file coords_16.pdb (PDB, C-alpha atoms)
ATOM      1  CA  MET G   1      26.298  82.942  96.973  1.00  0.00           C
ATOM      2  CA  LEU G   2      28.577  83.531  93.999  1.00  0.00           C
ATOM      3  CA  LEU G   3      30.930  86.492  93.940  1.00  0.00           C
ATOM      4  CA  ARG G   4      30.609  87.808  90.426  1.00  0.00           C
ATOM      5  CA  ASN G   5      33.585  89.109  88.569  1.00  0.00           C
ATOM      6  CA  LEU G   6      32.283  92.461  87.332  1.00  0.00           C
ATOM      7  CA  SER G   7      35.212  93.202  85.050  1.00  0.00           C
ATOM      8  CA  GLY G   8      35.281  89.959  83.104  1.00  0.00           C
ATOM      9  CA  PRO G   9      37.154  86.688  83.560  1.00  0.00           C
ATOM     10  CA  SER G  10      40.596  88.251  83.850  1.00  0.00           C
ATOM     11  CA  GLY G  11      39.543  91.048  86.215  1.00  0.00           C
ATOM     12  CA  GLY G  12      39.084  90.039  89.807  1.00  0.00           C
ATOM     13  CA  ASN G  13      36.514  92.531  90.994  1.00  0.00           C
ATOM     14  CA  MET G  14      33.495  91.323  92.891  1.00  0.00           C
ATOM     15  CA  ASP G  15      29.983  92.472  93.537  1.00  0.00           C
ATOM     16  CA  HIS G  16      30.466  94.767  96.527  1.00  0.00           C
ATOM     17  CA  ARG G  17      26.749  94.583  97.317  1.00  0.00           C
ATOM     18  CA  LEU G  18      27.432  91.105  98.640  1.00  0.00           C
ATOM     19  CA  LEU G  19      29.833  92.513 101.238  1.00  0.00           C
ATOM     20  CA  GLU G  20      26.983  94.600 102.600  1.00  0.00           C
ATOM     21  CA  ILE G  21      24.916  91.520 103.487  1.00  0.00           C
ATOM     22  CA  ILE G  22      27.442  88.879 104.544  1.00  0.00           C
ATOM     23  CA  ALA G  23      29.378  88.939 107.808  1.00  0.00           C
ATOM     24  CA  CYS G  24      32.153  87.109 109.565  1.00  0.00           C
ATOM     25  CA  PRO G  25      30.751  83.823 110.895  1.00  0.00           C
ATOM     26  CA  VAL G  26      32.883  84.125 114.044  1.00  0.00           C
ATOM     27  CA  CYS G  27      32.167  87.664 115.279  1.00  0.00           C
ATOM     28  CA  ASN G  28      29.455  88.865 112.877  1.00  0.00           C
ATOM     29  CA  GLY G  29      31.782  91.721 111.864  1.00  0.00           C
ATOM     30  CA  LYS G  30      32.394  93.349 108.488  1.00  0.00           C
ATOM     31  CA  LEU G  31      34.335  91.441 105.841  1.00  0.00           C
ATOM     32  CA  TYR G  32      36.746  93.060 103.383  1.00  0.00           C
ATOM     33  CA  TYR G  33      37.620  91.680  99.954  1.00  0.00           C
ATOM     34  CA  SER G  34      41.280  91.020  99.131  1.00  0.00           C
ATOM     35  CA  GLN G  35      41.516  90.968  95.349  1.00  0.00           C
ATOM     36  CA  ASP G  36      45.178  89.892  95.395  1.00  0.00           C
ATOM     37  CA  LYS G  37      44.590  86.821  97.542  1.00  0.00           C
ATOM     38  CA  GLN G  38      40.951  86.150  96.613  1.00  0.00           C
ATOM     39  CA  GLU G  39      39.899  86.100 100.250  1.00  0.00           C
ATOM     40  CA  LEU G  40      37.387  87.770 102.518  1.00  0.00           C
ATOM     41  CA  ILE G  41      39.160  89.328 105.485  1.00  0.00           C
ATOM     42  CA  CYS G  42      37.844  89.879 109.005  1.00  0.00           C
ATOM     43  CA  LYS G  43      40.114  92.449 110.636  1.00  0.00           C
ATOM     44  CA  LEU G  44      38.492  92.001 114.068  1.00  0.00           C
ATOM     45  CA  ASP G  45      39.341  88.293 114.263  1.00  0.00           C
ATOM     46  CA  SER G  46      42.423  88.456 111.998  1.00  0.00           C
ATOM     47  CA  LEU G  47      41.008  85.709 109.781  1.00  0.00           C
ATOM     48  CA  ALA G  48      40.981  85.258 106.008  1.00  0.00           C
ATOM     49  CA  PHE G  49      38.177  83.213 104.450  1.00  0.00           C
ATOM     50  CA  PRO G  50      38.931  81.690 101.037  1.00  0.00           C
ATOM     51  CA  LEU G  51      36.974  82.050  97.819  1.00  0.00           C
ATOM     52  CA  ARG G  52      36.659  78.840  95.843  1.00  0.00           C
ATOM     53  CA  ASP G  53      35.409  79.221  92.282  1.00  0.00           C
ATOM     54  CA  GLY G  54      33.981  82.602  93.282  1.00  0.00           C
ATOM     55  CA  ILE G  55      32.094  81.188  96.266  1.00  0.00           C
ATOM     56  CA  PRO G  56      32.995  82.387  99.776  1.00  0.00           C
ATOM     57  CA  VAL G  57      33.805  79.576 102.194  1.00  0.00           C
ATOM     58  CA  LEU G  58      32.660  81.131 105.461  1.00  0.00           C
ATOM     59  CA  LEU G  59      33.651  78.322 107.795  1.00  0.00           C
ATOM     60  CA  GLU G  60      35.937  79.013 110.733  1.00  0.00           C
ATOM     61  CA  THR G  61      37.701  75.711 110.098  1.00  0.00           C
ATOM     62  CA  GLU G  62      38.589  76.846 106.550  1.00  0.00           C
ATOM     63  CA  ALA G  63      39.841  80.310 107.539  1.00  0.00           C
ATOM     64  CA  ARG G  64      43.516  81.028 107.831  1.00  0.00           C
ATOM     65  CA  PRO G  65      44.883  83.260 110.568  1.00  0.00           C
ATOM     66  CA  LEU G  66      46.332  86.520 109.285  1.00  0.00           C
ATOM     67  CA  ALA G  67      49.947  87.346 109.983  1.00  0.00           C
ATOM     68  CA  LEU G  68      50.390  90.383 112.223  1.00  0.00           C
ATOM     69  CA  GLU G  69      51.439  92.617 109.323  1.00  0.00           C
ATOM     70  CA  GLU G  70      48.430  91.472 107.248  1.00  0.00           C
ATOM     71  CA  SER G  71      45.880  92.297 109.917  1.00  0.00           C
ATOM     72  CA  HIS G  72      47.067  95.905 110.149  1.00  0.00           C
ATOM     73  CA  SER G  73      46.928  96.680 106.434  1.00  0.00           C
TER      74      SER G  73
END
call {"tool": "encode", "arguments": {"input": "coords_16.pdb", "output": "structure tokens"}}
result
Amino acid sequence: MLLRNLSGPSGGNMDHRLLEIIACPVCNGKLYYSQDKQELICKLDSLAFPLRDGIPVLLETEARPLALEESHS
């Protein structure tokens, strides 16, 4: 499940259609893409899942907890 960079190698955009079909592995909630940090964010669980080489790593053990200020943005 590769997140394609739609604006070229230097861009950082992803195929938003993918966000419509994937979900948080913890709560099954909606994920949001953070272009700055290259992460998929679950606001319900306050977790950030990394992207590695454009591939989402949707494992709870690989997620980082969001700081309080991050989870409210």
call {"tool": "closest_residue", "arguments": {"input": "coords_16.pdb", "among": "G:Ala67, G:Leu58, G:Leu18, G:Val26", "to": "G:Glu39", "atoms": "only C-alpha atoms"}}
result
G:Leu58
call {"tool": "resolve_selection", "arguments": {"input": "coords_16.pdb", "expression": "the PyMOL selection byres ((chain G and resi 60) around 10)", "output": "PyMOL selection string"}}
result
chain G and resi 24-26+47-49+57-59+61-65
call {"tool": "closest_residue", "arguments": {"input": "coords_16.pdb", "among": "G:Lys37, G:Leu51, G:Glu69, G:Cys42", "to": "G:Ala23", "atoms": "all atoms listed in the file"}}
result
G:Cys42
call {"tool": "atom_distance", "arguments": {"input": "coords_16.pdb", "atom1": "atom CA of G:Cys27", "atom2": "atom CA of G:Lys43"}}
result
10.4 Å
call {"tool": "atom_distance", "arguments": {"input": "coords_16.pdb", "atom1": "atom CA of G:Leu40", "atom2": "atom CA of G:Ile22"}}
result
10.2 Å
call {"tool": "atom_distance", "arguments": {"input": "coords_16.pdb", "atom1": "atom CA of G:Pro50", "atom2": "atom CA of G:Arg17"}}
result
18.1 Å
